[in-house]
file coords.cif (mmCIF, C-alpha atoms)
data_protein
loop_
_atom_site.label_atom_id
_atom_site.label_comp_id
_atom_site.auth_asym_id
_atom_site.auth_seq_id
_atom_site.Cartn_x
_atom_site.Cartn_y
_atom_site.Cartn_z
CA MET X 1 124.22 99.56 92.87
CA CYS X 2 123.76 102.77 90.91
CA LEU X 3 120.57 103.56 92.82
CA ALA X 4 119.95 107.25 93.39
CA ILE X 5 116.94 109.22 94.58
CA PRO X 6 115.78 112.85 94.42
CA MET X 7 116.01 114.74 97.72
CA GLN X 8 115.19 118.40 98.42
CA VAL X 9 117.94 120.76 99.56
CA THR X 10 117.17 122.59 102.81
CA LYS X 11 120.61 124.02 103.66
CA ILE X 12 123.99 124.52 101.93
CA GLU X 13 127.49 124.77 103.38
CA GLY X 14 130.65 125.73 101.47
CA ASN X 15 131.09 127.14 97.98
CA PRO X 16 131.42 125.47 94.58
CA ASP X 17 135.06 126.39 93.87
CA ASP X 18 136.71 125.74 97.21
CA PHE X 19 137.45 122.03 97.58
CA THR X 20 139.51 122.57 100.73
CA GLN X 21 136.35 123.37 102.73
CA ASN X 22 133.36 121.10 103.27
CA GLN X 23 130.80 121.19 100.47
CA ILE X 24 127.70 119.83 102.12
CA ALA X 25 123.95 120.09 101.64
CA THR X 26 121.27 119.08 104.10
CA VAL X 27 118.59 117.26 102.12
CA ASP X 28 115.16 115.91 102.91
CA ALA X 29 112.94 113.20 101.42
CA ASP X 30 109.65 112.14 102.99
CA GLY X 31 110.66 113.63 106.34
CA ILE X 32 114.07 111.96 106.41
CA SER X 33 116.83 114.53 106.70
CA LYS X 34 120.51 113.89 106.07
CA GLU X 35 123.72 115.49 104.93
CA VAL X 36 125.15 114.81 101.48
CA ARG X 37 128.37 115.95 99.82
CA LEU X 38 128.28 118.44 96.95
CA ASP X 39 131.86 117.83 95.71
CA VAL X 40 130.78 116.23 92.43
CA VAL X 41 127.32 117.67 91.75
CA ASP X 42 127.07 118.88 88.13
CA ARG X 43 125.47 122.22 89.03
CA TRP X 44 125.59 123.89 92.45
CA PRO X 45 121.99 123.78 93.75
CA THR X 46 120.01 126.45 95.57
CA VAL X 47 117.87 125.81 98.66
CA GLY X 48 114.53 124.33 97.57
CA GLU X 49 115.93 122.53 94.54
CA TYR X 50 116.15 118.73 94.29
CA VAL X 51 119.40 116.82 93.93
CA ILE X 52 119.92 113.20 92.86
CA VAL X 53 121.73 111.42 95.69
CA HIS X 54 123.94 108.35 95.30
CA ALA X 55 126.02 106.83 98.15
CA GLY X 56 126.14 110.06 100.15
CA PHE X 57 126.98 112.31 97.19
CA ALA X 58 124.68 114.58 95.20
CA ILE X 59 125.55 113.80 91.58
CA HIS X 60 123.05 116.00 89.77
CA THR X 61 120.83 118.99 90.42
CA LEU X 62 117.45 118.05 89.04
CA GLU X 63 116.06 120.25 86.28
CA ALA X 64 112.45 120.93 87.29
CA SER X 65 111.56 122.23 83.82
CA GLU X 66 112.85 119.00 82.23
CA ALA X 67 110.83 116.87 84.66
CA GLU X 68 107.67 118.86 83.82
CA ALA X 69 108.35 118.58 80.08
CA ASN X 70 108.88 114.83 80.53
CA ILE X 71 105.53 114.36 82.31
CA LYS X 72 103.75 116.54 79.75
CA LEU X 73 105.10 114.42 76.91
CA LEU X 74 104.03 111.20 78.65
CA ARG X 75 100.53 112.63 79.21
CA GLU X 76 100.28 113.60 75.55
CA MET X 77 101.37 110.14 74.47
CA ALA X 78 98.80 108.60 76.83
CA SER X 79 95.89 110.87 75.87
CA SER X 80 96.34 110.29 72.15
CA MET X 81 95.67 106.58 72.66
CA PRO X 82 92.44 105.35 71.01
CA ASP X 83 90.01 103.85 73.56
CA GLU X 84 89.74 100.45 71.87
CA LEU X 85 93.44 99.81 72.55
CA LEU X 86 92.99 100.33 76.27
CA ARG X 87 90.45 97.58 76.87
CA MET A 1 107.88 111.53 96.88
CA LYS A 2 108.22 114.38 94.43
CA TYR A 3 109.80 113.48 91.08
CA LEU A 4 109.18 109.79 91.77
CA ASP A 5 105.41 109.40 92.24
CA GLU A 6 104.52 111.29 89.05
CA PHE A 7 106.52 108.73 87.10
CA ARG A 8 104.69 105.81 88.74
CA ASP A 9 101.23 107.07 87.72
CA LYS A 10 99.00 104.09 86.82
CA THR A 11 96.70 106.22 84.65
CA LEU A 12 99.71 106.95 82.44
CA ALA A 13 101.13 103.44 82.52
CA LYS A 14 98.09 101.75 80.98
CA PRO A 15 98.04 103.76 77.75
CA LEU A 16 101.82 103.46 77.53
CA VAL A 17 101.53 99.66 77.66
CA ALA A 18 99.05 99.87 74.75
CA GLU A 19 101.42 102.15 72.85
CA LEU A 20 104.27 99.71 73.49
CA LYS A 21 102.23 96.93 71.86
CA ARG A 22 101.44 99.15 68.90
CA SER A 23 105.05 100.25 68.41
CA VAL A 24 106.43 96.74 67.87
CA THR A 25 106.09 96.07 64.15
CA LYS A 26 108.99 93.67 63.87
CA PRO A 27 110.84 91.47 66.35
CA LEU A 28 113.58 93.17 68.32
CA ARG A 29 116.18 92.30 70.94
CA VAL A 30 117.13 94.94 73.48
CA MET A 31 119.80 94.73 76.16
CA GLU A 32 119.21 96.54 79.43
CA ILE A 33 122.75 97.23 80.57
CA CYS A 34 122.19 98.43 84.09
CA GLY A 35 121.50 96.10 87.03
CA SER A 36 119.16 98.67 88.59
CA HIS A 37 117.16 98.61 85.34
CA THR A 38 117.02 94.80 85.45
CA MET A 39 115.50 94.91 88.93
CA ALA A 40 113.14 97.80 88.10
CA ILE A 41 111.88 95.92 85.03
CA PHE A 42 111.13 92.79 87.06
CA ARG A 43 109.65 94.76 89.99
CA ASN A 44 107.26 96.62 87.69
CA GLY A 45 106.17 93.41 85.97
CA ILE A 46 107.30 94.77 82.63
CA ARG A 47 108.53 91.39 81.42
CA THR A 48 104.99 90.03 81.77
CA ILE A 49 103.46 92.71 79.52
CA LEU A 50 106.14 92.74 76.81
CA PRO A 51 104.52 92.31 73.41
CA ASP A 52 105.35 89.23 71.32
CA GLY A 53 108.61 89.75 69.49
CA TYR A 54 110.11 92.09 72.12
CA THR A 55 113.04 90.31 73.79
CA LEU A 56 114.84 91.89 76.74
CA ILE A 57 118.24 90.56 77.75
CA SER A 58 120.27 91.63 80.76
CA GLY A 59 123.77 93.01 80.31
CA PRO A 60 126.98 93.44 82.31
CA GLY A 61 125.79 96.34 84.48
CA CYS A 62 125.83 94.84 87.95
CA PRO A 63 129.21 95.87 89.42
CA VAL A 64 129.39 93.07 91.97
CA CYS A 65 128.55 90.47 89.30
CA VAL A 66 131.36 91.55 86.97
CA THR A 67 133.95 91.52 89.77
CA SER A 68 136.38 88.73 88.88
CA ALA A 69 137.08 85.76 91.14
CA SER A 70 140.71 86.90 91.45
CA HIS A 71 139.58 90.31 92.73
CA MET A 72 137.23 88.62 95.21
CA ASP A 73 140.12 86.49 96.48
CA THR A 74 142.26 89.62 96.82
CA PHE A 75 139.49 91.39 98.78
CA ILE A 76 139.38 88.46 101.18
CA SER A 77 143.15 88.36 101.66
CA ILE A 78 143.18 92.16 102.30
CA SER A 79 140.49 91.67 104.96
CA GLU A 80 142.65 89.05 106.68
CA HIS A 81 145.64 91.39 106.97
CA PRO A 82 146.27 91.93 110.72
CA ARG A 83 146.51 95.74 110.54
CA VAL A 84 143.62 96.23 108.15
CA ARG A 85 139.93 96.98 108.54
CA VAL A 86 137.98 96.96 105.30
CA ALA A 87 134.99 99.10 104.38
CA ILE A 88 132.61 97.85 101.70
CA PHE A 89 129.18 98.41 100.17
CA GLY A 90 126.84 95.71 101.50
CA ASP A 91 126.38 93.95 98.14
CA LEU A 92 129.89 92.55 98.27
CA PHE A 93 129.67 90.81 101.63
CA ARG A 94 128.40 87.40 100.53
CA VAL A 95 130.01 87.08 97.08
CA PRO A 96 132.05 83.87 96.96
CA GLY A 97 135.71 83.84 95.96
CA THR A 98 137.66 80.63 95.43
CA HIS A 99 137.62 79.87 99.16
CA GLY A 100 134.56 81.46 100.72
CA SER A 101 133.33 85.06 100.94
CA LEU A 102 134.07 88.20 102.96
CA ALA A 103 131.22 87.02 105.21
CA ASN A 104 133.19 83.84 105.92
CA ALA A 105 136.32 85.91 106.57
CA ALA A 106 134.35 88.08 109.03
CA ALA A 107 133.24 84.92 110.84
CA ARG A 108 136.92 83.99 111.18
CA GLY A 109 137.68 87.38 112.73
CA ALA A 110 138.37 89.71 109.78
CA ARG A 111 137.18 93.24 110.51
CA ILE A 112 134.70 94.29 107.85
CA ASP A 113 132.44 97.35 108.00
CA ILE A 114 129.52 97.85 105.64
CA VAL A 115 129.24 101.55 104.77
CA TYR A 116 126.64 103.60 102.92
CA SER A 117 129.10 106.13 101.50
CA PRO A 118 132.88 106.00 100.92
CA MET A 119 133.08 109.08 103.18
CA ASP A 120 131.98 106.85 106.08
CA ALA A 121 135.35 105.08 105.70
CA LEU A 122 137.07 108.34 106.76
CA ASP A 123 135.06 108.32 109.99
CA LEU A 124 136.31 104.76 110.55
CA ALA A 125 139.88 105.97 109.95
CA LEU A 126 139.49 108.58 112.71
CA ARG A 127 137.86 106.08 115.04
CA TYR A 128 140.57 103.41 114.55
CA PRO A 129 143.84 105.38 114.25
CA ASP A 130 146.03 102.26 114.61
CA ASP A 131 144.41 100.44 111.69
CA LEU A 132 144.64 101.00 107.96
CA ILE A 133 141.09 101.40 106.64
CA VAL A 134 140.85 99.98 103.11
CA PHE A 135 137.79 100.84 101.07
CA LEU A 136 137.17 98.14 98.45
CA GLY A 137 136.12 100.11 95.38
CA VAL A 138 133.61 98.20 93.29
CA GLY A 139 131.44 100.20 90.94
CA PHE A 140 130.91 102.13 87.74
CA GLU A 141 130.94 105.79 86.75
CA THR A 142 128.19 106.69 89.24
CA THR A 143 130.27 105.62 92.23
CA THR A 144 133.78 106.68 91.15
CA PRO A 145 133.41 110.48 91.62
CA GLY A 146 132.44 109.99 95.28
CA ILE A 147 135.46 107.74 95.86
CA ALA A 148 137.73 110.32 94.19
CA ALA A 149 136.25 113.07 96.37
CA THR A 150 136.82 110.91 99.45
CA ILE A 151 140.52 110.43 98.58
CA LEU A 152 140.88 114.17 98.07
CA ALA A 153 139.12 114.83 101.39
CA ALA A 154 141.50 112.37 103.13
CA LYS A 155 144.45 114.27 101.67
CA ASN A 156 143.05 117.68 102.68
CA ARG A 157 142.26 116.45 106.20
CA LYS A 158 145.70 114.73 106.45
CA ILE A 159 144.15 111.33 107.18
CA THR A 160 146.95 108.87 106.53
CA ASN A 161 145.42 105.55 107.63
CA PHE A 162 143.01 105.35 104.69
CA ALA A 163 143.46 103.72 101.28
CA VAL A 164 141.33 102.45 98.41
CA PHE A 165 141.70 99.22 96.48
CA SER A 166 140.28 100.18 93.12
CA THR A 167 138.45 97.82 90.80
CA GLN A 168 136.42 100.76 89.50
CA LYS A 169 135.16 100.18 85.97
CA VAL A 170 133.88 102.25 83.05
CA MET A 171 130.98 101.21 80.85
CA PRO A 172 131.70 102.00 77.18
CA PRO A 173 134.69 99.62 76.62
CA PRO A 174 132.88 96.40 77.71
CA LEU A 175 129.88 97.38 75.61
CA MET A 176 132.18 97.70 72.59
CA ALA A 177 133.74 94.31 73.45
CA LEU A 178 130.28 92.71 73.63
CA LEU A 179 129.06 94.31 70.43
CA ASP A 180 132.15 93.19 68.53
CA ASP A 181 130.89 89.62 69.03
CA PRO A 182 128.66 88.83 66.05
CA SER A 183 126.82 86.05 67.89
CA LEU A 184 125.18 88.61 70.19
CA LYS A 185 122.45 89.95 67.95
CA ILE A 186 120.93 93.02 69.53
CA ASP A 187 119.04 95.92 67.98
CA GLY A 188 119.12 98.37 70.83
CA LEU A 189 120.37 99.34 74.26
CA LEU A 190 118.36 100.60 77.18
CA CYS A 191 121.15 102.83 78.48
CA PRO A 192 121.73 103.28 82.23
CA GLY A 193 120.23 106.28 84.00
CA HIS A 194 122.71 107.26 86.68
CA VAL A 195 125.92 106.21 84.89
CA SER A 196 124.66 108.46 82.07
CA SER A 197 124.12 111.30 84.52
CA ILE A 198 127.92 111.28 84.91
CA ILE A 199 129.12 110.44 81.37
CA GLY A 200 126.30 112.19 79.45
CA ALA A 201 123.93 110.72 76.85
CA GLY A 202 126.36 111.77 74.12
CA ALA A 203 128.69 108.94 75.22
CA TYR A 204 126.49 106.46 73.30
CA GLN A 205 126.75 108.28 69.94
CA PRO A 206 129.80 106.19 68.86
CA LEU A 207 127.74 103.00 69.42
CA VAL A 208 125.04 104.29 67.09
CA GLU A 209 127.61 105.11 64.44
CA LYS A 210 129.72 101.97 64.73
CA TYR A 211 127.07 99.31 65.41
CA ASN A 212 123.89 100.88 64.03
CA LEU A 213 122.33 100.48 67.43
CA ALA A 214 119.25 102.18 68.87
CA CYS A 215 120.21 103.79 72.20
CA VAL A 216 117.72 105.22 74.70
CA VAL A 217 118.65 106.56 78.13
CA ALA A 218 115.84 105.94 80.62
CA GLY A 219 114.96 106.43 84.27
CA PHE A 220 113.83 103.75 86.71
CA GLU A 221 110.11 104.36 87.33
CA THR A 222 107.26 102.57 85.53
CA THR A 223 106.54 105.24 82.94
CA ASP A 224 110.26 105.94 82.41
CA LEU A 225 110.85 102.29 81.52
CA LEU A 226 107.79 102.00 79.26
CA ASN A 227 108.72 105.22 77.50
CA GLY A 228 112.27 103.96 76.92
CA LEU A 229 111.07 100.64 75.52
CA ILE A 230 108.57 102.38 73.21
CA LEU A 231 111.23 104.70 71.77
CA LEU A 232 113.58 101.75 71.16
CA ALA A 233 110.83 99.83 69.31
CA ARG A 234 109.99 102.91 67.22
CA GLN A 235 113.64 103.44 66.26
CA VAL A 236 114.02 99.80 65.22
CA ALA A 237 110.72 99.86 63.29
CA LEU A 238 111.83 102.96 61.38
CA GLY A 239 115.37 101.65 60.91
CA GLN A 240 116.72 104.98 62.18
CA PRO A 241 118.95 104.35 65.18
CA LYS A 242 120.03 107.31 67.29
CA VAL A 243 120.61 108.37 70.90
CA GLU A 244 117.46 109.51 72.67
CA ASN A 245 117.34 110.69 76.26
CA THR A 246 114.07 110.22 78.17
CA TYR A 247 115.66 111.00 81.53
CA GLN A 248 116.46 114.67 80.89
CA ARG A 249 115.57 115.62 84.44
CA VAL A 250 118.74 113.79 85.54
CA VAL A 251 120.84 113.25 82.39
CA ASN A 252 122.36 115.89 80.10
CA TRP A 253 123.87 115.31 76.67
CA GLU A 254 127.26 116.39 78.03
CA SER A 255 129.12 114.75 80.89
CA ASN A 256 129.10 116.07 84.47
CA THR A 257 132.29 118.14 84.24
CA ARG A 258 132.77 118.63 87.99
CA ALA A 259 132.65 114.86 88.50
CA ALA A 260 134.89 114.19 85.49
CA LYS A 261 137.49 116.66 86.80
CA MET A 262 137.45 115.07 90.24
CA VAL A 263 137.86 111.55 88.77
CA ASP A 264 140.65 112.70 86.45
CA GLU A 265 142.53 114.28 89.36
CA ILE A 266 142.74 110.97 91.25
CA PHE A 267 142.39 108.17 88.68
CA GLU A 268 143.88 107.16 85.35
CA PRO A 269 142.62 104.59 82.82
CA ALA A 270 143.89 101.03 83.33
CA ASP A 271 143.26 97.56 81.95
CA MET A 272 140.70 95.72 84.05
CA GLU A 273 139.56 92.15 84.43
CA TRP A 274 135.80 91.51 84.17
CA ARG A 275 134.06 88.30 85.12
CA GLY A 276 132.94 86.59 81.95
CA LEU A 277 134.60 89.13 79.68
CA GLY A 278 138.28 88.77 80.63
CA VAL A 279 140.72 91.68 80.63
CA ILE A 280 139.44 94.68 78.66
CA PRO A 281 141.98 97.42 77.84
CA GLY A 282 141.20 100.81 79.37
CA SER A 283 138.03 99.57 81.07
CA GLY A 284 139.20 100.25 84.60
CA LEU A 285 140.54 103.06 86.76
CA ALA A 286 143.75 102.96 88.78
CA ILE A 287 144.86 105.53 91.36
CA ARG A 288 147.49 107.94 89.97
CA SER A 289 151.02 107.66 91.37
CA GLU A 290 150.69 111.17 92.90
CA TYR A 291 148.09 109.63 95.22
CA ALA A 292 149.98 106.35 95.86
CA ASP A 293 149.66 106.96 99.63
CA PHE A 294 145.95 106.26 99.22
CA ASP A 295 146.40 103.25 96.94
CA ALA A 296 145.96 100.00 98.87
CA GLU A 297 147.60 98.07 96.02
CA VAL A 298 150.81 100.04 96.59
CA ARG A 299 150.64 100.25 100.38
CA LEU A 300 150.00 96.56 100.88
CA GLY A 301 152.14 95.38 97.93
CA ILE A 302 149.26 93.44 96.37
CA THR A 303 149.69 91.26 93.31
CA LEU A 304 146.66 89.58 91.81
CA GLN A 305 146.63 85.79 91.70
CA GLU A 306 144.84 83.87 89.01
CA ALA A 307 141.62 82.30 90.24
CA LYS A 308 139.22 79.79 88.80
CA GLU A 309 135.52 80.51 88.40
CA ALA A 310 133.16 78.15 90.22
CA LYS A 311 132.65 74.96 88.22
CA GLY A 312 129.46 74.89 86.20
CA CYS A 313 128.59 78.55 86.99
CA ARG A 314 127.38 80.40 83.91
CA CYS A 315 127.54 83.95 85.32
CA GLY A 316 130.02 84.87 82.59
CA GLU A 317 127.63 83.82 79.81
CA ILE A 318 124.67 85.44 81.55
CA LEU A 319 126.54 88.76 81.93
CA LYS A 320 127.14 88.77 78.18
CA GLY A 321 123.48 88.10 77.39
CA MET A 322 124.42 84.74 75.86
CA SER A 323 122.54 82.60 78.41
CA ILE A 324 119.61 83.15 80.75
CA PRO A 325 119.66 81.83 84.33
CA PRO A 326 117.31 78.83 83.81
CA GLN A 327 119.84 77.50 81.28
CA CYS A 328 122.48 77.17 84.01
CA PRO A 329 122.63 73.68 85.57
CA LEU A 330 123.26 75.18 89.02
CA TYR A 331 120.32 77.65 88.94
CA LYS A 332 117.78 76.88 91.69
CA THR A 333 119.42 73.52 92.33
CA LYS A 334 122.83 74.12 93.86
CA CYS A 335 122.78 77.92 93.50
CA THR A 336 120.13 79.88 95.41
CA PRO A 337 120.13 83.29 97.16
CA GLN A 338 120.53 81.48 100.50
CA SER A 339 123.53 79.55 99.25
CA PRO A 340 124.89 81.30 96.16
CA ILE A 341 127.66 79.92 93.97
CA GLY A 342 127.99 82.76 91.49
CA PRO A 343 127.85 86.55 91.99
CA CYS A 344 124.78 86.93 89.74
CA MET A 345 122.79 85.14 92.45
CA VAL A 346 124.26 87.19 95.32
CA SER A 347 123.84 90.78 94.28
CA SER A 348 120.37 92.25 94.71
CA GLU A 349 120.81 93.46 91.14
CA GLY A 350 122.13 90.20 89.72
CA THR A 351 120.24 88.64 86.84
CA CYS A 352 120.00 85.23 88.54
CA ALA A 353 118.75 86.81 91.78
CA ALA A 354 116.10 88.70 89.78
CA TYR A 355 114.92 85.57 87.95
CA TYR A 356 114.83 83.68 91.24
CA LYS A 357 113.01 86.38 93.18
CA TYR A 358 110.33 86.85 90.52
CA GLY A 359 109.96 83.13 89.74
CA ILE A 360 110.83 83.30 86.04
CA ASP A 361 111.73 79.89 84.65
CA GLN A 362 112.03 80.54 80.95
#
call {"tool": "encode", "arguments": {"input": "coords.cif", "output": "structure tokens"}}
result
Amino acid sequence: MCLAIPMQVTKIEGNPDDFTQNQIATVDADGISKEVRLDVVDRWPTVGEYVIVHAGFAIHTLEASEAEANIKLLREMASSMPDELLR
Amino acid sequence: MKYLDEFRDKTLAKPLVAELKRSVTKPLRVMEICGSHTMAIFRNGIRTILPDGYTLISGPGCPVCVTSASHMDTFISISEHPRVRVAIFGDLFRVPGTHGSLANAAARGARIDIVYSPMDALDLALRYPDDLIVFLGVGFETTTPGIAATILAAKNRKITNFAVFSTQKVMPPPLMALLDDPSLKIDGLLCPGHVSSIIGAGAYQPLVEKYNLACVVAGFETTDLLNGLILLARQVALGQPKVENTYQRVVNWESNTRAAKMVDEIFEPADMEWRGLGVIPGSGLAIRSEYADFDAEVRLGITLQEAKEAKGCRCGEILKGMSIPPQCPLYKTKCTPQSPIGPCMVSSEGTCAAYYKYGIDQ
């Protein structure tokens, strides 16, 4: 039930401190565009950033630098593997 | 898709599988708490490549599965109220209570709408002004902030025919309750990804200190899962348990303060009944009295009735990691996804449904 996927922000409506107005982002993933709420996102995103979307709400603005560091670490772990273990 | 495909890279997965084998130097038992992890582990075939000595058990992290029979019965009686229309997440529709499911109630004429987001329930409220729309809140920390935001939006937009029946739950108290049981011998926890995005990885530090437990927060893609399992094995091998976070792109050490503030505005801690675990103090969230107008329990004067679990169903034991589905006498005989008896067979994230779907018999 706690499924959530990264979607890219293409438009933002509202501002982070005013909960009386709509706080909405238009997001896109693989050509599918939809509106999600920004009421509970941890950090207000900018257009072009990715947010993690769960049940119509962005819950987190993805940290691109962390994702790159993550992949780099995985690649290092993989490349240090001796060949005989991979057979 | 960006930020998903990179973490499904086969050229990375193969060496990580080798590293996983190498990292297991002594037997270990790890509980994956989250139902989405359970499904991701099965879907990626990770159970079939686990090295000897690495045991994975599923925990209480499927919200539909831990919903008690008495709550299910209450959901059904709310749906049968003449003035009410209920809005639910799809998972809940076929879960049996003592006398049938919401699906059966719908067949008898109850008005039940499956929604994608709690905000969709507000659209229903505008579309059906003469009905009270009741959103049946079933979920953990990931889902609660959105429900809180929806209640606040209803207040701001002066929508009065909308209420929530909350069985919202929080994760740390049931984990503590499980770990206090000495018969559950586990060395580590694969901690949930999106719950942790709300509560922060730091929330598991007390478990390390109190139970000497290895805790690793992981994402849901192939390499995320392998990486998490490797780090758990390494911690156990070294005998140095700690909290590690391999899902930094989505999870911080601290909690999501905007979500926490929103939840705290609307909800307060309450005792909550869990299937299989009984009533756990402070493990649930009730709507604050300031927002009683949006509390279905208050508006409909609901009192919970005691209900019996289905006879022979071992969901409770399975949710605690004490049994696996093939040990249940009903599994695959009387209880199947087509005709489920217990919630663990209904939910797409239930442990029994996962074993059934992927044909695991031991």
call {"tool": "resolve_selection", "arguments": {"input": "coords.cif", "expression": "the PyMOL selection byres ((chain X and resi 14-25) around 12)", "output": "PyMOL selection string"}}
result
(chain X and resi 7-13+26-28+33-53+56-59+61) or (chain A and resi 149-150+152-158+258+262)
call {"tool": "atom_distance", "arguments": {"input": "coords.cif", "atom1": "atom CA of X:Met77", "atom2": "atom CA of A:Glu209"}}
result
28.5 Å
call {"tool": "closest_residue", "arguments": {"input": "coords.cif", "among": "A:Asn161, A:Gln240, A:Thr11, A:Ser101", "to": "chain X", "atoms": "all atoms listed in the file"}}
result
A:Thr11
call {"tool": "residues_around", "arguments": {"input": "coords.cif", "residues": "X:Ser80", "least_positions_apart": "3", "cutoff": "10 Å", "atoms": "all atoms listed in the file", "output": "number ranges by chain"}}
result
X: 75-77, 83; A: 15, 19
call {"tool": "closest_residue", "arguments": {"input": "coords.cif", "among": "A:Tyr128, A:Tyr3, A:Trp253, A:Phe294", "to": "chain X", "atoms": "all atoms listed in the file"}}
result
A:Tyr3
call {"tool": "resolve_selection", "arguments": {"input": "coords.cif", "expression": "the PyMOL selection byres ((chain A and resi 232) around 8)", "output": "ChimeraX atom specification"}}
result
/A:188-190,214-216,228-231,233-236
call {"tool": "write_last_selection", "arguments": {"input": "coords.cif", "atoms": "C-alpha atoms", "output": "mmCIF file, in the frame of the given file"}}
result
data_model
loop_
_atom_site.group_PDB
_atom_site.id
_atom_site.type_symbol
_atom_site.label_atom_id
_atom_site.label_comp_id
_atom_site.auth_asym_id
_atom_site.auth_seq_id
_atom_site.Cartn_x
_atom_site.Cartn_y
_atom_site.Cartn_z
ATOM 1 C CA GLY A 188 119.120 98.370 70.830
ATOM 2 C CA LEU A 189 120.370 99.340 74.260
ATOM 3 C CA LEU A 190 118.360 100.600 77.180
ATOM 4 C CA ALA A 214 119.250 102.180 68.870
ATOM 5 C CA CYS A 215 120.210 103.790 72.200
ATOM 6 C CA VAL A 216 117.720 105.220 74.700
ATOM 7 C CA GLY A 228 112.270 103.960 76.920
ATOM 8 C CA LEU A 229 111.070 100.640 75.520
ATOM 9 C CA ILE A 230 108.570 102.380 73.210
ATOM 10 C CA LEU A 231 111.230 104.700 71.770
ATOM 11 C CA ALA A 233 110.830 99.830 69.310
ATOM 12 C CA ARG A 234 109.990 102.910 67.220
ATOM 13 C CA GLN A 235 113.640 103.440 66.260
ATOM 14 C CA VAL A 236 114.020 99.800 65.220
#
call {"tool": "resolve_selection", "arguments": {"input": "coords.cif", "expression": "the PyMOL selection byres ((chain X and resi 74) around 10)", "output": "list of chain:residue names"}}
result
X:Glu68, X:Ala69, X:Asn70, X:Ile71, X:Lys72, X:Leu73, X:Arg75, X:Glu76, X:Met77, X:Ala78, X:Ser79, A:Phe7, A:Leu12, A:Ala13, A:Pro15, A:Leu16, A:Thr223, A:Asp224, A:Leu226, A:Asn227
call {"tool": "residues_around", "arguments": {"input": "coords.cif", "residues": "A:Arg85", "least_positions_apart": "6", "cutoff": "8 Å", "atoms": "only C-alpha atoms", "output": "VMD selection string"}}
result
chain A and resid 79 110 to 113 131 to 134
call {"tool": "axis_aligned_box", "arguments": {"input": "coords.cif", "around": "stretch 93-106 of chain A", "padding_each_side": "3 Å", "output": "JSON"}}
result
{"center_x": 133.0, "center_y": 85.3, "center_z": 102.2, "size_x": 15.3, "size_y": 16.9, "size_z": 19.6}
call {"tool": "atom_distance", "arguments": {"input": "coords.cif", "atom1": "atom CA of A:Ala270", "atom2": "atom CA of A:Ser323"}}
result
28.6 Å
call {"tool": "residues_near_point", "arguments": {"input": "coords.cif", "point": "(129.5, 104.2, 78.9)", "cutoff": "8 Å", "atoms": "all atoms listed in the file", "output": "PDB file with C-alpha atoms, in the coordinates of the input"}}
result
ATOM      1  CA  VAL A 170     133.880 102.250  83.050  1.00  0.00           C
ATOM      2  CA  MET A 171     130.980 101.210  80.850  1.00  0.00           C
ATOM      3  CA  PRO A 172     131.700 102.000  77.180  1.00  0.00           C
ATOM      4  CA  PRO A 173     134.690  99.620  76.620  1.00  0.00           C
ATOM      5  CA  LEU A 175     129.880  97.380  75.610  1.00  0.00           C
ATOM      6  CA  VAL A 195     125.920 106.210  84.890  1.00  0.00           C
ATOM      7  CA  SER A 196     124.660 108.460  82.070  1.00  0.00           C
ATOM      8  CA  ILE A 199     129.120 110.440  81.370  1.00  0.00           C
ATOM      9  CA  ALA A 203     128.690 108.940  75.220  1.00  0.00           C
ATOM     10  CA  TYR A 204     126.490 106.460  73.300  1.00  0.00           C
TER      11      TYR A 204
END
call {"tool": "atom_distance", "arguments": {"input": "coords.cif", "atom1": "atom CA of A:Gly97", "atom2": "atom CA of A:Lys332"}}
result
19.7 Å
call {"tool": "residues_around", "arguments": {"input": "coords.cif", "residues": "stretch 46-51 of chain A", "least_positions_apart": "2", "cutoff": "9 Å", "atoms": "all atoms listed in the file", "output": "VMD selection string"}}
result
chain A and resid 17 20 to 22 24 40 to 44 53 to 56 222 225 to 226
call {"tool": "write_last_selection", "arguments": {"input": "coords.cif", "atoms": "C-alpha atoms", "output": "mmCIF file, in the coordinates of the input"}}
result
data_model
loop_
_atom_site.group_PDB
_atom_site.id
_atom_site.type_symbol
_atom_site.label_atom_id
_atom_site.label_comp_id
_atom_site.auth_asym_id
_atom_site.auth_seq_id
_atom_site.Cartn_x
_atom_site.Cartn_y
_atom_site.Cartn_z
ATOM 1 C CA VAL A 17 101.530 99.660 77.660
ATOM 2 C CA LEU A 20 104.270 99.710 73.490
ATOM 3 C CA LYS A 21 102.230 96.930 71.860
ATOM 4 C CA ARG A 22 101.440 99.150 68.900
ATOM 5 C CA VAL A 24 106.430 96.740 67.870
ATOM 6 C CA ALA A 40 113.140 97.800 88.100
ATOM 7 C CA ILE A 41 111.880 95.920 85.030
ATOM 8 C CA PHE A 42 111.130 92.790 87.060
ATOM 9 C CA ARG A 43 109.650 94.760 89.990
ATOM 10 C CA ASN A 44 107.260 96.620 87.690
ATOM 11 C CA GLY A 53 108.610 89.750 69.490
ATOM 12 C CA TYR A 54 110.110 92.090 72.120
ATOM 13 C CA THR A 55 113.040 90.310 73.790
ATOM 14 C CA LEU A 56 114.840 91.890 76.740
ATOM 15 C CA THR A 222 107.260 102.570 85.530
ATOM 16 C CA LEU A 225 110.850 102.290 81.520
ATOM 17 C CA LEU A 226 107.790 102.000 79.260
#
call {"tool": "residues_around", "arguments": {"input": "coords.cif", "residues": "A:Ala296", "least_positions_apart": "3", "cutoff": "6 Å", "atoms": "all atoms listed in the file", "output": "ChimeraX atom specification"}}
result
/A:163-165,299-300
call {"tool": "closest_residue", "arguments": {"input": "coords.cif", "among": "A:Leu238, A:Cys65, A:Val279, A:Ile76", "to": "chain X", "atoms": "all atoms listed in the file"}}
result
A:Cys65
